[in-house]
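These notes are about the structure you will find just below.
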Amino acid sequence: MKTPSYATNLCSKNVQKLNFLYDTSPPFGAKEHFFHFLHGYVIPALHWCHEVQCRHVSFEDCGPLMNPKLAEACQLASLDCSPLMHVATQEQDSSTQCIIPRWDVQLIRFDGANQTPSEISMFRSKTAYILQFMLDRAQEVCKKQGTLEQWQQIDILVLRRSPDHPYYAPGGKVKFPKYGRGRRALLNTLDIANHLAKSGYSVKEVDMGKLPLWEQIIAFHNASSVIGARGAEFAHLFWMRPGATAVMFATPTAKENNASRSLSEIFNLRFISPKVESNFFSVEPEEIRAYLP
């Protein structure tokens, strides 16, 4: 079998099919977790489909929660997605097998460093086409399904983390166990949403994991503020408008990886990350108003 190469080595505009492999060489992140799934696999893969003008693709199995989002991403991008690959047995035939460069690597900052102007410019440049393309397609689908207007009327999202899932149990199939509320959570999201609504805000408490990908995209794009515990939901800062506010309550960890802050720096978002004492915590609803513009 031919040794897979990075997608950046693909020069032909006549590729019949692309078999996308997830890059496991960085010592962090897994395709089964949404932040790395989105920015380290799916979005850059869709970018390369555009680059080589290829509509027929195959991806690795990303688990029972990510696979539906993978199918939705391909639907948005009008791609023909074959059954999921089991890399060890995948035959080459006339297909091209390639490793996707992970765009999440630029976002991770274990040392707390900020994005430099040149890094910001580079990230914006390489993501500009696929970002706008996916936004346009998500808007079309939401309009067709009758959900666009409701998201256009929501100003603030309060993010309720998705419930834990047995697939992510310690000792299971995933490299990094635990998921959603199993890792960390803001516990009183409904109280916060109700308080903000009574204060005159157009607000919605929402579990992003329950929404199709196109509604996740549009919900973040139309919101002027999002509030929640540090988590993969903040991968969607990618879609927000410049000047929007992200309130991400940080965990007690001494050194955050700051990937969400990186997205905020790149796309000119107002990023606020108050520290909390526990991975599972509540916040006085009145406190939230102080963080909003």
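Each chain in the structure tokens gets a letter, A, B and so on, in the order shown; residues start at 1 in every chain, and ligands are counted from 1 in the order they appear.
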Based on the backbone DSSP call, show me all residues of region 16-224 of chain A assigned strand (DSSP E or B), as a PyMOL selection string. chain A and resi 18-21+56-60+80-81+85+96-99+156-159+185-186+203-206
Each residue of region 81-199 of chain A lying at most 9 Å from region 216-240 of chain A should get a row with its shortest atom-to-atom pair and the distance in Å to one decimal, counting only C-alpha atoms; could you produce that, ordered by chain and increasing number, as a tab-separated table?
```
residue	atom	partner	partner_atom	distance
A:Leu131	CA	A:Trp239	CA	7.2
A:Gln132	CA	A:Trp239	CA	8.7
A:Met134	CA	A:Ile217	CA	8.4
A:Leu135	CA	A:Ile217	CA	6.9
A:Ala138	CA	A:Ile218	CA	6.6
A:Gln139	CA	A:Ile218	CA	6.6
A:Cys142	CA	A:Ile218	CA	7.9
A:Leu148	CA	A:Ile218	CA	7.5
A:Trp151	CA	A:Ala219	CA	5.5
A:Gln152	CA	A:Asn222	CA	5.6
A:Gln153	CA	A:Asn222	CA	8.1
A:Ile154	CA	A:Ala223	CA	6.3
A:Asp155	CA	A:Ala223	CA	4.7
A:Ile156	CA	A:Ser225	CA	4.9
A:Leu157	CA	A:Val226	CA	4.7
A:Val158	CA	A:Ile227	CA	4.8
A:Leu159	CA	A:Gly228	CA	5.0
A:Arg160	CA	A:Gly228	CA	7.1
A:Arg161	CA	A:Gly231	CA	7.9
A:Gly180	CA	A:Gly231	CA	7.3
A:Arg183	CA	A:Gly231	CA	8.7
A:Arg184	CA	A:Ala229	CA	7.1
A:Ala185	CA	A:Ala229	CA	5.6
A:Leu186	CA	A:Ala229	CA	5.3
A:Thr189	CA	A:Gly228	CA	7.9
```
How would the residues just picked look written out with N, CA and C atoms as an mmCIF file, in the first residue's frame?
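What ended up in result-v9.cif:
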```
data_model
loop_
_atom_site.group_PDB
_atom_site.id
_atom_site.type_symbol
_atom_site.label_atom_id
_atom_site.label_comp_id
_atom_site.auth_asym_id
_atom_site.auth_seq_id
_atom_site.Cartn_x
_atom_site.Cartn_y
_atom_site.Cartn_z
ATOM 1 N N LEU A 131 -14.879 29.031 5.386
ATOM 2 C CA LEU A 131 -15.722 29.636 6.420
ATOM 3 C C LEU A 131 -16.955 30.271 5.780
ATOM 4 N N GLN A 132 -16.746 31.106 4.790
ATOM 5 C CA GLN A 132 -17.877 31.783 4.160
ATOM 6 C C GLN A 132 -18.764 30.802 3.412
ATOM 7 N N MET A 134 -19.330 27.608 4.100
ATOM 8 C CA MET A 134 -20.143 26.842 5.046
ATOM 9 C C MET A 134 -21.216 27.710 5.696
ATOM 10 N N LEU A 135 -20.887 28.968 5.967
ATOM 11 C CA LEU A 135 -21.892 29.886 6.494
ATOM 12 C C LEU A 135 -23.047 30.062 5.505
ATOM 13 N N ALA A 138 -25.070 26.838 5.353
ATOM 14 C CA ALA A 138 -25.849 26.632 6.575
ATOM 15 C C ALA A 138 -27.068 27.540 6.589
ATOM 16 N N GLN A 139 -26.901 28.759 6.125
ATOM 17 C CA GLN A 139 -28.032 29.686 6.074
ATOM 18 C C GLN A 139 -29.090 29.196 5.091
ATOM 19 N N CYS A 142 -30.937 26.218 6.781
ATOM 20 C CA CYS A 142 -31.818 26.656 7.866
ATOM 21 C C CYS A 142 -33.037 27.396 7.325
ATOM 22 N N LEU A 148 -34.149 29.435 10.314
ATOM 23 C CA LEU A 148 -33.238 30.579 10.231
ATOM 24 C C LEU A 148 -33.735 31.766 11.036
ATOM 25 N N TRP A 151 -33.192 31.699 14.890
ATOM 26 C CA TRP A 151 -31.825 31.949 15.338
ATOM 27 C C TRP A 151 -31.433 33.406 15.119
ATOM 28 N N GLN A 152 -31.995 34.041 14.132
ATOM 29 C CA GLN A 152 -31.710 35.457 13.907
ATOM 30 C C GLN A 152 -32.264 36.327 15.017
ATOM 31 N N GLN A 153 -33.223 35.803 15.768
ATOM 32 C CA GLN A 153 -33.837 36.572 16.855
ATOM 33 C C GLN A 153 -33.174 36.319 18.203
ATOM 34 N N ILE A 154 -32.232 35.375 18.284
ATOM 35 C CA ILE A 154 -31.554 35.056 19.547
ATOM 36 C C ILE A 154 -30.256 35.828 19.635
ATOM 37 N N ASP A 155 -30.128 36.629 20.686
ATOM 38 C CA ASP A 155 -28.950 37.476 20.856
ATOM 39 C C ASP A 155 -27.876 36.825 21.727
ATOM 40 N N ILE A 156 -28.294 36.036 22.723
ATOM 41 C CA ILE A 156 -27.350 35.438 23.670
ATOM 42 C C ILE A 156 -27.592 33.935 23.752
ATOM 43 N N LEU A 157 -26.524 33.159 23.646
ATOM 44 C CA LEU A 157 -26.576 31.711 23.837
ATOM 45 C C LEU A 157 -25.960 31.365 25.192
ATOM 46 N N VAL A 158 -26.703 30.617 25.998
ATOM 47 C CA VAL A 158 -26.158 30.053 27.234
ATOM 48 C C VAL A 158 -25.974 28.565 26.978
ATOM 49 N N LEU A 159 -24.745 28.110 27.004
ATOM 50 C CA LEU A 159 -24.395 26.777 26.538
ATOM 51 C C LEU A 159 -24.515 25.734 27.644
ATOM 52 N N ARG A 160 -25.466 24.830 27.469
ATOM 53 C CA ARG A 160 -25.598 23.678 28.367
ATOM 54 C C ARG A 160 -24.800 22.531 27.762
ATOM 55 N N ARG A 161 -23.864 21.997 28.516
ATOM 56 C CA ARG A 161 -22.998 20.950 27.989
ATOM 57 C C ARG A 161 -23.774 19.658 27.751
ATOM 58 N N GLY A 180 -18.278 16.139 27.358
ATOM 59 C CA GLY A 180 -19.328 17.051 27.793
ATOM 60 C C GLY A 180 -19.390 17.236 29.295
ATOM 61 N N ARG A 183 -16.839 15.930 31.841
ATOM 62 C CA ARG A 183 -15.555 16.608 32.070
ATOM 63 C C ARG A 183 -15.707 17.843 32.945
ATOM 64 N N ARG A 184 -16.619 18.720 32.553
ATOM 65 C CA ARG A 184 -16.815 19.968 33.287
ATOM 66 C C ARG A 184 -18.148 20.564 32.854
ATOM 67 N N ALA A 185 -18.719 21.414 33.707
ATOM 68 C CA ALA A 185 -20.025 21.970 33.345
ATOM 69 C C ALA A 185 -20.372 23.173 34.202
ATOM 70 N N LEU A 186 -21.022 24.135 33.571
ATOM 71 C CA LEU A 186 -21.728 25.202 34.266
ATOM 72 C C LEU A 186 -23.109 24.639 34.583
ATOM 73 N N THR A 189 -27.237 26.731 33.993
ATOM 74 C CA THR A 189 -27.439 27.463 32.739
ATOM 75 C C THR A 189 -28.884 27.932 32.556
#
```
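The residue that comes closest to Ile99 (chain A), out of A:Ala30, A:Leu292, A:Leu18, A:Leu187 and on the basis of only C-alpha atoms, is A:Leu18.
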Would you mind listing what lies within 12 Å of Lys198 (chain A) as a PyMOL selection string, with only C-alpha atoms counted and same-chain residues fewer than 6 positions away left out? chain A and resi 191-192+285-286+289
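Note that the spacing between CA of Lys178 (chain A) and CA of Phe37 (chain A) amounts to 15.3 Å.
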9 Å contact set for Ser264 (chain A), only C-alpha atoms, chain neighbours under 5 positions out, as a ChimeraX atom specification: /A:237-238,242,245-246,259,269-271
Residues from the last selection, C-alpha atoms, saved as an mmCIF file, in the first residue's frame:
```cif
data_model
loop_
_atom_site.group_PDB
_atom_site.id
_atom_site.type_symbol
_atom_site.label_atom_id
_atom_site.label_comp_id
_atom_site.auth_asym_id
_atom_site.auth_seq_id
_atom_site.Cartn_x
_atom_site.Cartn_y
_atom_site.Cartn_z
ATOM 1 C CA LEU A 237 -16.349 30.929 17.790
ATOM 2 C CA PHE A 238 -15.012 30.357 14.283
ATOM 3 C CA PRO A 242 -16.254 40.475 14.771
ATOM 4 C CA THR A 245 -18.494 38.426 23.126
ATOM 5 C CA ALA A 246 -17.442 34.992 24.403
ATOM 6 C CA ALA A 259 -7.561 27.511 21.922
ATOM 7 C CA LEU A 269 -13.987 38.650 19.397
ATOM 8 C CA ARG A 270 -14.244 39.974 22.935
ATOM 9 C CA PHE A 271 -13.011 37.073 25.060
#
```
Contacts of region 72-83 of chain A at 9 Å (only C-alpha atoms; same-chain gap of 4+ positions) as number ranges by chain: A: 42-43, 46, 49, 54-61, 67-68, 133-134, 137-138, 141, 212-214
Dump as a PDB file, in the first residue's frame, selection limited to N, CA, C and O atoms:
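out14.pdb was written with the following content:
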```pdb
ATOM      1  N   VAL A  42     -12.280  18.042   9.959  1.00  0.00           N
ATOM      2  CA  VAL A  42     -13.363  18.253   8.998  1.00  0.00           C
ATOM      3  C   VAL A  42     -13.194  19.538   8.190  1.00  0.00           C
ATOM      4  O   VAL A  42     -13.233  19.512   6.945  1.00  0.00           O
ATOM      5  N   ILE A  43     -13.030  20.677   8.857  1.00  0.00           N
ATOM      6  CA  ILE A  43     -12.936  21.943   8.130  1.00  0.00           C
ATOM      7  C   ILE A  43     -11.726  21.961   7.195  1.00  0.00           C
ATOM      8  O   ILE A  43     -11.859  22.328   6.013  1.00  0.00           O
ATOM      9  N   LEU A  46     -12.532  19.768   4.162  1.00  0.00           N
ATOM     10  CA  LEU A  46     -13.432  20.410   3.203  1.00  0.00           C
ATOM     11  C   LEU A  46     -12.680  21.454   2.374  1.00  0.00           C
ATOM     12  O   LEU A  46     -12.952  21.633   1.183  1.00  0.00           O
ATOM     13  N   CYS A  49     -10.902  19.611  -0.342  1.00  0.00           N
ATOM     14  CA  CYS A  49     -11.838  19.205  -1.399  1.00  0.00           C
ATOM     15  C   CYS A  49     -12.030  20.340  -2.402  1.00  0.00           C
ATOM     16  O   CYS A  49     -12.074  20.113  -3.622  1.00  0.00           O
ATOM     17  N   CYS A  54     -12.604  18.107  -5.719  1.00  0.00           N
ATOM     18  CA  CYS A  54     -13.000  16.700  -5.582  1.00  0.00           C
ATOM     19  C   CYS A  54     -14.260  16.597  -4.732  1.00  0.00           C
ATOM     20  O   CYS A  54     -14.314  17.169  -3.639  1.00  0.00           O
ATOM     21  N   ARG A  55     -15.257  15.872  -5.205  1.00  0.00           N
ATOM     22  CA  ARG A  55     -16.523  15.743  -4.486  1.00  0.00           C
ATOM     23  C   ARG A  55     -16.699  14.390  -3.799  1.00  0.00           C
ATOM     24  O   ARG A  55     -17.602  14.216  -2.991  1.00  0.00           O
ATOM     25  N   HIS A  56     -15.854  13.430  -4.105  1.00  0.00           N
ATOM     26  CA  HIS A  56     -15.999  12.086  -3.558  1.00  0.00           C
ATOM     27  C   HIS A  56     -14.946  11.871  -2.472  1.00  0.00           C
ATOM     28  O   HIS A  56     -13.745  11.938  -2.739  1.00  0.00           O
ATOM     29  N   VAL A  57     -15.407  11.622  -1.252  1.00  0.00           N
ATOM     30  CA  VAL A  57     -14.494  11.585  -0.106  1.00  0.00           C
ATOM     31  C   VAL A  57     -14.825  10.426   0.825  1.00  0.00           C
ATOM     32  O   VAL A  57     -15.929   9.866   0.791  1.00  0.00           O
ATOM     33  N   SER A  58     -13.856  10.105   1.666  1.00  0.00           N
ATOM     34  CA  SER A  58     -14.070   9.150   2.736  1.00  0.00           C
ATOM     35  C   SER A  58     -13.282   9.614   3.952  1.00  0.00           C
ATOM     36  O   SER A  58     -12.181  10.154   3.805  1.00  0.00           O
ATOM     37  N   PHE A  59     -13.856   9.425   5.119  1.00  0.00           N
ATOM     38  CA  PHE A  59     -13.228   9.810   6.370  1.00  0.00           C
ATOM     39  C   PHE A  59     -13.093   8.598   7.274  1.00  0.00           C
ATOM     40  O   PHE A  59     -13.788   7.591   7.102  1.00  0.00           O
ATOM     41  N   GLU A  60     -12.249   8.740   8.283  1.00  0.00           N
ATOM     42  CA  GLU A  60     -12.140   7.707   9.307  1.00  0.00           C
ATOM     43  C   GLU A  60     -13.374   7.734  10.213  1.00  0.00           C
ATOM     44  O   GLU A  60     -14.061   8.748  10.344  1.00  0.00           O
ATOM     45  N   ASP A  61     -13.618   6.600  10.858  1.00  0.00           N
ATOM     46  CA  ASP A  61     -14.671   6.514  11.859  1.00  0.00           C
ATOM     47  C   ASP A  61     -14.312   7.442  13.018  1.00  0.00           C
ATOM     48  O   ASP A  61     -13.236   7.335  13.604  1.00  0.00           O
ATOM     49  N   ASN A  67     -19.728  11.075  14.029  1.00  0.00           N
ATOM     50  CA  ASN A  67     -20.057  10.608  12.677  1.00  0.00           C
ATOM     51  C   ASN A  67     -21.289  11.298  12.076  1.00  0.00           C
ATOM     52  O   ASN A  67     -21.287  11.651  10.889  1.00  0.00           O
ATOM     53  N   PRO A  68     -22.366  11.508  12.842  1.00  0.00           N
ATOM     54  CA  PRO A  68     -23.499  12.244  12.257  1.00  0.00           C
ATOM     55  C   PRO A  68     -23.127  13.672  11.857  1.00  0.00           C
ATOM     56  O   PRO A  68     -23.623  14.187  10.848  1.00  0.00           O
ATOM     57  N   PHE A 133     -18.161  29.843   2.743  1.00  0.00           N
ATOM     58  CA  PHE A 133     -18.934  28.834   2.016  1.00  0.00           C
ATOM     59  C   PHE A 133     -19.863  28.060   2.958  1.00  0.00           C
ATOM     60  O   PHE A 133     -21.054  27.887   2.669  1.00  0.00           O
ATOM     61  N   MET A 134     -19.330  27.608   4.100  1.00  0.00           N
ATOM     62  CA  MET A 134     -20.143  26.842   5.046  1.00  0.00           C
ATOM     63  C   MET A 134     -21.216  27.710   5.696  1.00  0.00           C
ATOM     64  O   MET A 134     -22.333  27.245   5.944  1.00  0.00           O
ATOM     65  N   ARG A 137     -23.991  28.074   3.080  1.00  0.00           N
ATOM     66  CA  ARG A 137     -24.742  26.828   2.932  1.00  0.00           C
ATOM     67  C   ARG A 137     -25.607  26.565   4.163  1.00  0.00           C
ATOM     68  O   ARG A 137     -26.749  26.115   4.043  1.00  0.00           O
ATOM     69  N   ALA A 138     -25.070  26.838   5.353  1.00  0.00           N
ATOM     70  CA  ALA A 138     -25.849  26.632   6.575  1.00  0.00           C
ATOM     71  C   ALA A 138     -27.068  27.540   6.589  1.00  0.00           C
ATOM     72  O   ALA A 138     -28.162  27.130   6.997  1.00  0.00           O
ATOM     73  N   VAL A 141     -29.727  26.072   4.227  1.00  0.00           N
ATOM     74  CA  VAL A 141     -30.409  24.903   4.775  1.00  0.00           C
ATOM     75  C   VAL A 141     -31.379  25.310   5.882  1.00  0.00           C
ATOM     76  O   VAL A 141     -32.526  24.835   5.936  1.00  0.00           O
ATOM     77  N   PRO A 212     -28.423  19.948  14.579  1.00  0.00           N
ATOM     78  CA  PRO A 212     -27.636  19.626  13.380  1.00  0.00           C
ATOM     79  C   PRO A 212     -26.560  20.678  13.190  1.00  0.00           C
ATOM     80  O   PRO A 212     -26.668  21.807  13.680  1.00  0.00           O
ATOM     81  N   LEU A 213     -25.518  20.324  12.463  1.00  0.00           N
ATOM     82  CA  LEU A 213     -24.363  21.205  12.326  1.00  0.00           C
ATOM     83  C   LEU A 213     -24.747  22.564  11.760  1.00  0.00           C
ATOM     84  O   LEU A 213     -24.232  23.603  12.196  1.00  0.00           O
ATOM     85  N   TRP A 214     -25.672  22.598  10.787  1.00  0.00           N
ATOM     86  CA  TRP A 214     -26.023  23.884  10.180  1.00  0.00           C
ATOM     87  C   TRP A 214     -26.679  24.818  11.182  1.00  0.00           C
ATOM     88  O   TRP A 214     -26.460  26.022  11.142  1.00  0.00           O
TER      89      TRP A 214
END
```
